[in-house]
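Let me begin by presenting the structure, written as structure tokens, before commenting on it.
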Amino acid sequence: MKPFLIILAVLAALVLIAWLGLRVKPKTFTQPVLAQGEVQTIPLPQGLPEPVERFYRTVYGDQIPVIETVVITGQGRMRPFGVWLPARFVMIHNAGHDYRHYFEATFFGMPFLKVNEGYLDGESFFESPMGTYYDDPNTNQGANLAVWAEAGWFPALWVTDPRTRWQAVDDHTAIRFVPFEEGEESFVVRFNPQTGLVDMMEAMRFKEKDAASKVLWITTEARVEGQPSVSYVTCLYDGKPWAAFSIEAMRFNLEVSEYIRARGN
């Protein structure tokens, strides 16, 4: 019995260490030192569907900021292997065109899994220990959707970019069309009846680079800048979230032309 009890004790200790290590939050990346540009505004466009206009008046009022670039840092959780891992991230957007993400999953606050991914000049890239690939057509489609879905954190882009358009559905729903290659993609955007804010966005995208068909992709709880609490986004495949991100800092109209093409934080 003694060897068996020793094995049980060792296993219990390993489980406890793993549990503790996955509960330690990492330190958030420091925002980079980049040249700051001015954020100008334009009047709220006329003719928007009713729930869309209500949303923008709730968030911004009558003047909409023209956001050209965004740098976001924060913490979150990722579930690449079915187990939630604490993580930290930096996201850089050339709003409406390009982005780069850098994620670090951590254990006891120390990085052990690093992922670089992005969408530059219409071509996606993904670099990680799980695999590396570039300019995959399926990934390009999903990455372009991410360009516009992540604008849920700076939704001014959805009306200041002339390539986007809205279509009315009902009192609490509208369809947003966004550009992709020579055509368009679309999101079904559902607004909260009480707050007027976005509750959920739905789009069809390829889950994997070799997938033969698209699946429903849902982003939820996309909070906007200006609120005192941190912001979250959850992406759901097959009804189960795979990631949740909490924003801690977000800066606009920085000079990111070199930073967005770098690697790492």
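Convention: chains lettered A, B, ... in structure tokens order; per-chain residue numbering from 1; ligands numbered from 1 as shown.
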
Residues of stretch 46-194 of chain A in helix (DSSP H, G or I) according to DSSP, as a compact mmCIF listing (two decimals) with N, CA and C atoms, in the first residue's frame?
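Output file part20.txt follows:
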```txt
# COMPACT_ATOMS: atom_id res chain seq x y z
N GLU A 50 -32.72 52.25 -37.15
CA GLU A 50 -33.04 52.79 -35.82
C GLU A 50 -32.17 52.23 -34.70
N PRO A 51 -31.99 50.88 -34.59
CA PRO A 51 -31.16 50.39 -33.48
C PRO A 51 -29.70 50.81 -33.62
N VAL A 52 -29.23 50.98 -34.85
CA VAL A 52 -27.86 51.41 -35.08
C VAL A 52 -27.67 52.85 -34.64
N GLU A 53 -28.59 53.71 -35.03
CA GLU A 53 -28.51 55.11 -34.63
C GLU A 53 -28.58 55.24 -33.11
N ARG A 54 -29.48 54.48 -32.47
CA ARG A 54 -29.58 54.52 -31.01
C ARG A 54 -28.27 54.09 -30.36
N PHE A 55 -27.65 53.07 -30.91
CA PHE A 55 -26.38 52.58 -30.39
C PHE A 55 -25.32 53.69 -30.44
N TYR A 56 -25.19 54.35 -31.58
CA TYR A 56 -24.14 55.36 -31.71
C TYR A 56 -24.42 56.60 -30.87
N ARG A 57 -25.68 56.95 -30.74
CA ARG A 57 -25.99 58.08 -29.88
C ARG A 57 -25.71 57.73 -28.42
N THR A 58 -25.93 56.48 -28.03
CA THR A 58 -25.63 56.05 -26.66
C THR A 58 -24.14 56.07 -26.39
N VAL A 59 -23.36 55.60 -27.35
CA VAL A 59 -21.92 55.46 -27.14
C VAL A 59 -21.17 56.78 -27.35
N PRO A 137 -6.34 30.62 -47.75
CA PRO A 137 -7.60 31.25 -48.13
C PRO A 137 -8.66 31.23 -47.04
N ASN A 138 -8.84 30.07 -46.36
CA ASN A 138 -9.82 30.00 -45.29
C ASN A 138 -9.47 30.95 -44.15
N THR A 139 -8.20 30.98 -43.80
CA THR A 139 -7.76 31.85 -42.71
C THR A 139 -7.88 33.31 -43.10
N ASN A 140 -7.64 33.62 -44.36
CA ASN A 140 -7.83 35.00 -44.82
C ASN A 140 -9.26 35.47 -44.58
N GLN A 141 -10.22 34.59 -44.87
CA GLN A 141 -11.62 34.97 -44.69
C GLN A 141 -11.93 35.22 -43.21
N GLY A 142 -11.46 34.33 -42.34
CA GLY A 142 -11.70 34.51 -40.91
C GLY A 142 -10.97 35.72 -40.36
N ALA A 143 -9.75 35.96 -40.85
CA ALA A 143 -8.98 37.11 -40.37
C ALA A 143 -9.64 38.42 -40.78
N ASN A 144 -10.19 38.47 -41.99
CA ASN A 144 -10.88 39.68 -42.40
C ASN A 144 -12.10 39.94 -41.51
N LEU A 145 -12.82 38.88 -41.13
CA LEU A 145 -13.93 39.07 -40.19
C LEU A 145 -13.43 39.60 -38.86
N ALA A 146 -12.26 39.13 -38.41
CA ALA A 146 -11.70 39.61 -37.14
C ALA A 146 -11.39 41.10 -37.21
N VAL A 147 -10.94 41.57 -38.38
CA VAL A 147 -10.69 43.01 -38.55
C VAL A 147 -11.91 43.81 -38.11
N TRP A 148 -13.09 43.34 -38.53
CA TRP A 148 -14.32 44.10 -38.29
C TRP A 148 -14.99 43.72 -36.99
N ALA A 149 -14.86 42.48 -36.55
CA ALA A 149 -15.47 42.08 -35.28
C ALA A 149 -14.78 42.76 -34.11
N GLU A 150 -13.45 42.85 -34.15
CA GLU A 150 -12.72 43.46 -33.04
C GLU A 150 -12.94 44.97 -32.98
N ALA A 151 -13.50 45.53 -34.04
CA ALA A 151 -13.89 46.94 -33.98
C ALA A 151 -15.07 47.15 -33.04
N GLY A 152 -15.60 46.06 -32.48
CA GLY A 152 -16.59 46.20 -31.41
C GLY A 152 -16.04 46.97 -30.23
N TRP A 153 -14.71 47.02 -30.11
CA TRP A 153 -14.06 47.81 -29.05
C TRP A 153 -13.88 49.26 -29.48
N LEU A 157 -15.58 52.83 -36.25
CA LEU A 157 -15.14 52.38 -37.58
C LEU A 157 -16.29 51.89 -38.43
N TRP A 158 -17.32 51.34 -37.80
CA TRP A 158 -18.42 50.76 -38.55
C TRP A 158 -19.26 51.80 -39.30
N VAL A 159 -19.09 53.07 -38.97
CA VAL A 159 -19.81 54.11 -39.73
C VAL A 159 -18.87 55.12 -40.39
N THR A 160 -17.60 55.17 -39.95
CA THR A 160 -16.68 56.14 -40.57
C THR A 160 -16.00 55.57 -41.81
```

Next item on the list: Excluding A:Pro65 and any residue of its chain fewer than 6 positions from it, enumerate the residues within 10 Å of it, using only C-alpha atoms, and give them as a PyMOL selection string.
Entry: chain A and resi 39-44+154-157+159-160+252

Checklist line | For A:Ala87: contacts at 6 Å, only C-alpha atoms, fewer than 2 positions along chain excluded, given as a ChimeraX atom specification | finding: /A:75-77,104-106
